[in-house]
There are 2 protein chains.
Amino acid sequence: MAQTQTLSKNQKIILDIIEKAKEPLKAYSILFNVQKKGIKAPLQVYRALAKLIKLGKIHKVESRNAFVACQNSNCEISKATAFSICETCEKVTEISDQKLSKYLKNFHDKTGMIYKKYNLEFYGLCTTCKRS
Amino acid sequence: MAQTQTLSKNQKIILDIIEKAKEPLKAYSILFNVQKKGIKAPLQVYRALAKLIKLGKIHKVESRNAFVACQNSNCEISKATAFSICETCEKVTEISDQKLSKYLKNFHDKTGMIYKKYNLEFYGLCTTCKRS
DNA sequence: TAACAAACGTTATATTATAACACTATGATA
DNA sequence: TATCATAGTGTTATAATATAACGTTTGTTA
Ligand SMILES: [Zn+2]
Ligand SMILES: [Zn+2]
Ligand SMILES: [Zn+2]
Ligand SMILES: [Zn+2]
């Protein structure tokens, strides 16, 4: 069963808390939230995060140093990510747009560099914040 | 002369060092390099960086927490940035591609969110590292 | 069961970034 | 010229984010 990669105890705990969250979570806020479950040190959190990112279960929102659960199908192991971020309320949504991802996957620069991954972040005003 | 926005002393010093660098510079490496010029504290660096970013003179490479001089024409005050990053040698190049930036500027998601800015980072292997 | 890889727990430390406060320079404006 | 607002400065302290290094445990596979 290579598909159903079985997660370790810490990895499960931390994935669970990220999946249940409505906003991106910071590493130390995760740490705070799992201390009652026996995870006491930053490294335990960061190690689980690293593995979950590798598996495509979560993504890091680079400009925010925060982590969100993948809202697609594990994003081909996190190779191609795009987010929209509201600069007012900090709401983050993972963009799932076939055309966009196809466009970016096929993009080549002039230098001939080989791209293995990309991360795209849009910043703006969400519809809720636009109204108010 | 709204064009030739005049920079302050610290801003000039720090822009200068970033422009001369061949790689992205980290804030504390900048700090180290300007201590002989009288800039002693992190905040002095971060404040100058913030202003230079606002002016589009430099950009932050989010996934690397590092700063590079704009290689375009100040990127419309930093609203639209794209980089290619070699994961082996950490070389960073600013991508200047009319089609790409037009595509991204016109991108709209399903939610109707208004995008004011974007940042795109490609990760891969540069041509030099590909050979070796 | 031996061997290996992955995960774990722990302590210490490195790296990145901001808060808060008082002061100074600059330029507009009344 | 007085006064006001804005931006910039210098400084100390501290917050927030992330990794190094070590030895142990667990789970898988041969
Ligand atoms: Zn995803
Ligand atoms: Zn919003
Ligand atoms: Zn630029
Ligand atoms: Zn390279």
# chains A, B, ... in the order shown; residues from 1 in each chain; ligands from 1

$ residues_near_ligand --ligand "ligand 2" --cutoff "7 Å" --atoms "only C-alpha atoms (C1' of nucleotides) and all ligand atoms" --output "PyMOL selection string"
chain A and resi 86-91+125-129

$ write_last_selection --atoms "all heavy atoms" --output "short mmCIF file (atom, residue, chain, number, x, y, z; two decimals), in the first residue's frame"
data_model
loop_
_atom_site.label_atom_id
_atom_site.label_comp_id
_atom_site.auth_asym_id
_atom_site.auth_seq_id
_atom_site.Cartn_x
_atom_site.Cartn_y
_atom_site.Cartn_z
N CYS A 86 -5.92 37.16 1.39
CA CYS A 86 -6.51 38.46 1.64
C CYS A 86 -5.62 39.24 2.61
O CYS A 86 -5.34 38.77 3.70
CB CYS A 86 -7.91 38.33 2.21
SG CYS A 86 -8.63 39.94 2.63
N GLU A 87 -5.20 40.41 2.16
CA GLU A 87 -4.28 41.19 2.99
C GLU A 87 -4.98 41.86 4.17
O GLU A 87 -4.32 42.38 5.06
CB GLU A 87 -3.57 42.24 2.13
CG GLU A 87 -2.56 41.63 1.20
CD GLU A 87 -1.84 42.66 0.32
OE1 GLU A 87 -2.54 43.46 -0.34
OE2 GLU A 87 -0.60 42.66 0.32
N THR A 88 -6.29 41.83 4.15
CA THR A 88 -7.03 42.44 5.25
C THR A 88 -7.34 41.41 6.34
O THR A 88 -6.97 41.61 7.50
CB THR A 88 -8.33 43.08 4.73
OG1 THR A 88 -7.99 44.09 3.78
CG2 THR A 88 -9.12 43.71 5.87
N CYS A 89 -7.98 40.32 5.97
CA CYS A 89 -8.38 39.34 6.99
C CYS A 89 -7.46 38.14 7.04
O CYS A 89 -7.63 37.25 7.86
CB CYS A 89 -9.82 38.90 6.77
SG CYS A 89 -10.06 37.88 5.30
N GLU A 90 -6.50 38.10 6.13
CA GLU A 90 -5.51 37.02 6.09
C GLU A 90 -6.09 35.65 5.74
O GLU A 90 -5.46 34.62 5.98
CB GLU A 90 -4.73 36.93 7.42
CG GLU A 90 -3.78 38.10 7.64
CD GLU A 90 -2.65 38.19 6.60
OE1 GLU A 90 -2.18 37.14 6.16
OE2 GLU A 90 -2.24 39.31 6.24
N LYS A 91 -7.27 35.66 5.21
CA LYS A 91 -7.85 34.39 4.73
C LYS A 91 -7.03 33.86 3.55
O LYS A 91 -6.66 34.62 2.65
CB LYS A 91 -9.29 34.65 4.28
CG LYS A 91 -10.04 33.42 3.78
CD LYS A 91 -11.47 33.83 3.40
CE LYS A 91 -12.13 32.89 2.43
NZ LYS A 91 -12.49 31.57 2.99
N LEU A 125 -7.82 41.48 -1.90
CA LEU A 125 -8.97 41.72 -1.03
C LEU A 125 -10.01 40.65 -1.30
O LEU A 125 -10.47 40.52 -2.43
CB LEU A 125 -9.59 43.07 -1.39
CG LEU A 125 -9.42 44.26 -0.46
CD1 LEU A 125 -10.29 45.40 -0.94
CD2 LEU A 125 -9.75 43.88 0.97
N CYS A 126 -10.39 39.92 -0.28
CA CYS A 126 -11.41 38.90 -0.48
C CYS A 126 -12.78 39.56 -0.60
O CYS A 126 -12.94 40.74 -0.29
CB CYS A 126 -11.40 37.87 0.64
SG CYS A 126 -12.14 38.45 2.17
N THR A 127 -13.76 38.80 -1.05
CA THR A 127 -15.08 39.39 -1.32
C THR A 127 -15.72 39.94 -0.04
O THR A 127 -16.41 40.95 -0.09
CB THR A 127 -16.01 38.33 -1.95
OG1 THR A 127 -15.89 37.11 -1.22
CG2 THR A 127 -15.62 38.09 -3.39
N THR A 128 -15.48 39.29 1.06
CA THR A 128 -16.03 39.78 2.33
C THR A 128 -15.43 41.14 2.70
O THR A 128 -16.15 42.08 3.03
CB THR A 128 -15.74 38.79 3.47
OG1 THR A 128 -16.17 37.49 3.08
CG2 THR A 128 -16.45 39.20 4.74
N CYS A 129 -14.13 41.23 2.62
CA CYS A 129 -13.46 42.47 2.99
C CYS A 129 -13.71 43.59 1.97
O CYS A 129 -13.65 44.76 2.31
CB CYS A 129 -11.97 42.23 3.14
SG CYS A 129 -11.59 41.17 4.55
#

$ interface_residues --of "chain A" --to "chain C" --cutoff "9 Å" --atoms "only C-alpha atoms (C1' of nucleotides)" --output "MDAnalysis selection string"
chainID A and resid 8 10 40:41 44

$ calpha_fit_and_write --fixed "chain B" --moving "chain A" --output "CSV table (one decimal) with C-alpha atoms, in the first residue's frame"
chain,number,residue,atom,x,y,z
A,1,MET,CA,10.5,65.1,-8.9
A,2,ALA,CA,8.2,62.4,-7.8
A,3,GLN,CA,10.0,60.0,-10.1
A,4,THR,CA,13.5,60.2,-8.7
A,5,GLN,CA,12.4,59.4,-5.2
A,6,THR,CA,15.3,60.4,-3.1
A,7,LEU,CA,16.5,57.8,-0.8
A,8,SER,CA,17.7,58.4,2.7
A,9,LYS,CA,21.3,57.6,3.9
A,10,ASN,CA,20.5,54.2,5.3
A,11,GLN,CA,18.3,53.3,2.3
A,12,LYS,CA,21.1,54.2,-0.1
A,13,ILE,CA,23.7,52.2,1.8
A,14,ILE,CA,21.5,49.1,1.9
A,15,LEU,CA,20.3,49.3,-1.7
A,16,ASP,CA,23.9,49.7,-2.8
A,17,ILE,CA,25.0,46.5,-1.1
A,18,ILE,CA,22.1,44.6,-2.4
A,19,GLU,CA,22.7,45.8,-5.9
A,20,LYS,CA,26.3,44.8,-5.8
A,21,ALA,CA,25.6,41.4,-4.5
A,22,LYS,CA,25.5,38.5,-6.9
A,23,GLU,CA,23.2,36.4,-4.7
A,24,PRO,CA,20.2,37.2,-2.6
A,25,LEU,CA,21.2,38.7,0.7
A,26,LYS,CA,19.9,37.8,4.2
A,27,ALA,CA,19.0,40.7,6.5
A,28,TYR,CA,21.6,39.8,9.1
A,29,SER,CA,24.3,39.4,6.5
A,30,ILE,CA,23.4,42.9,5.3
A,31,LEU,CA,23.6,44.1,8.8
A,32,PHE,CA,27.0,42.5,9.3
A,33,ASN,CA,28.2,44.2,6.1
A,34,VAL,CA,27.1,47.7,7.0
A,35,GLN,CA,28.2,47.8,10.5
A,36,LYS,CA,31.4,49.7,9.5
A,37,LYS,CA,29.1,52.3,8.0
A,38,GLY,CA,27.4,53.0,11.3
A,39,ILE,CA,24.3,50.8,10.9
A,40,LYS,CA,24.3,48.8,14.1
A,41,ALA,CA,20.8,47.4,14.7
A,42,PRO,CA,18.5,45.0,12.9
A,43,LEU,CA,15.7,47.5,12.8
A,44,GLN,CA,17.7,49.9,10.8
A,45,VAL,CA,18.2,47.3,8.2
A,46,TYR,CA,14.6,46.1,8.2
A,47,ARG,CA,13.3,49.6,8.0
A,48,ALA,CA,15.3,50.3,4.9
A,49,LEU,CA,14.4,47.0,3.4
A,50,ALA,CA,10.7,47.7,3.9
A,51,LYS,CA,11.0,51.1,2.2
A,52,LEU,CA,13.0,49.7,-0.7
A,53,ILE,CA,10.5,47.0,-1.2
A,54,LYS,CA,7.7,49.5,-1.3
A,55,LEU,CA,9.5,51.5,-3.9
A,56,GLY,CA,10.1,48.4,-6.0
A,57,LYS,CA,13.9,48.8,-5.8
A,58,ILE,CA,14.3,45.4,-4.2
A,59,HIS,CA,12.2,42.2,-3.7
A,60,LYS,CA,12.0,39.7,-1.0
A,61,VAL,CA,12.4,36.1,-2.1
A,62,GLU,CA,9.9,34.7,0.3
A,63,SER,CA,10.9,31.1,0.4
A,64,ARG,CA,14.5,32.1,1.2
A,65,ASN,CA,14.0,35.1,3.5
A,66,ALA,CA,16.4,36.9,1.3
A,67,PHE,CA,16.5,40.1,-0.7
A,68,VAL,CA,17.5,40.9,-4.3
A,69,ALA,CA,17.7,44.0,-6.3
A,70,CYS,CA,15.0,44.4,-8.9
A,71,GLN,CA,16.2,43.3,-12.3
A,72,ASN,CA,13.4,44.9,-14.2
A,73,SER,CA,12.2,48.5,-14.1
A,74,ASN,CA,11.2,48.5,-10.4
A,75,CYS,CA,8.4,46.1,-11.1
A,76,GLU,CA,5.6,48.6,-11.0
A,77,ILE,CA,6.4,49.1,-7.3
A,78,SER,CA,6.7,45.4,-6.6
A,79,LYS,CA,3.2,44.4,-7.5
A,80,ALA,CA,4.2,41.5,-9.7
A,81,THR,CA,7.2,39.4,-9.2
A,82,ALA,CA,8.5,36.1,-10.5
A,83,PHE,CA,11.7,34.3,-9.7
A,84,SER,CA,13.5,31.2,-10.7
A,85,ILE,CA,15.5,29.6,-7.9
A,86,CYS,CA,18.1,26.8,-8.3
A,87,GLU,CA,17.7,24.4,-5.4
A,88,THR,CA,21.2,23.3,-5.8
A,89,CYS,CA,23.3,26.5,-5.9
A,90,GLU,CA,20.5,28.8,-4.7
A,91,LYS,CA,21.0,31.2,-7.6
A,92,VAL,CA,18.0,33.4,-8.0
A,93,THR,CA,17.0,35.2,-11.2
A,94,GLU,CA,14.1,37.5,-11.6
A,95,ILE,CA,11.9,36.4,-14.5
A,96,SER,CA,10.9,39.1,-16.9
A,97,ASP,CA,8.3,37.6,-19.2
A,98,GLN,CA,5.6,39.8,-20.7
A,99,LYS,CA,3.3,36.9,-21.5
A,100,LEU,CA,3.6,35.5,-18.0
A,101,SER,CA,3.0,38.7,-16.2
A,102,LYS,CA,0.1,39.6,-18.5
A,103,TYR,CA,-1.4,36.2,-17.8
A,104,LEU,CA,-1.1,36.5,-14.1
A,105,LYS,CA,-2.3,40.1,-13.9
A,106,ASN,CA,-5.4,39.0,-15.7
A,107,PHE,CA,-6.0,35.9,-13.6
A,108,HIS,CA,-9.2,35.8,-11.6
A,109,ASP,CA,-10.3,33.0,-9.4
A,110,LYS,CA,-13.8,31.8,-9.0
A,111,THR,CA,-14.5,33.7,-5.8
A,112,GLY,CA,-14.3,37.1,-7.3
A,113,MET,CA,-11.4,38.1,-5.2
A,114,ILE,CA,-9.5,41.2,-6.2
A,115,TYR,CA,-5.8,40.7,-6.7
A,116,LYS,CA,-3.4,43.6,-6.2
A,117,LYS,CA,-0.2,41.7,-6.2
A,118,TYR,CA,1.4,38.4,-6.8
A,119,ASN,CA,4.6,36.6,-6.2
A,120,LEU,CA,5.7,33.5,-8.1
A,121,GLU,CA,8.7,31.3,-7.4
A,122,PHE,CA,9.9,28.5,-9.6
A,123,TYR,CA,12.3,26.0,-8.1
A,124,GLY,CA,14.5,23.7,-10.1
A,125,LEU,CA,18.0,23.2,-11.5
A,126,CYS,CA,19.9,25.9,-13.2
A,127,THR,CA,21.8,25.2,-16.4
A,128,THR,CA,25.1,25.1,-14.6
A,129,CYS,CA,24.0,22.7,-12.0
A,130,LYS,CA,22.3,20.6,-14.6
A,131,ARG,CA,25.6,19.9,-16.3
A,132,SER,CA,27.4,18.8,-13.2

$ select_by_dssp --residues "chain A" --states "strand (DSSP E)" --output "ChimeraX atom specification"
/A:58-61,66-69,80-86,92-94,114-125

$ select_by_dssp --residues "chain B" --states "alpha helix (DSSP H)" --output "count of residues only"
50

$ closest_atom_pairs --of "chain D" --to "chain B" --cutoff "10 Å" --atoms "only C-alpha atoms (C1' of nucleotides)" --output "Markdown table"
| residue | atom | partner | partner_atom | distance |
| --- | --- | --- | --- | --- |
| D:DA7 | C1' | B:Ser8 | CA | 9.6 |
| D:DG8 | C1' | B:Ser8 | CA | 7.5 |
| D:DT9 | C1' | B:Gln44 | CA | 8.1 |
| D:DG10 | C1' | B:Gln44 | CA | 8.3 |
| D:DT11 | C1' | B:Ala41 | CA | 8.0 |
| D:DT12 | C1' | B:Ala41 | CA | 9.9 |

$ atom_distance --atom1 "atom C1' of DT19 of chain D" --atom2 "atom 1 (Zn, counted along the ligand's line) of ligand 4"
23.4 Å
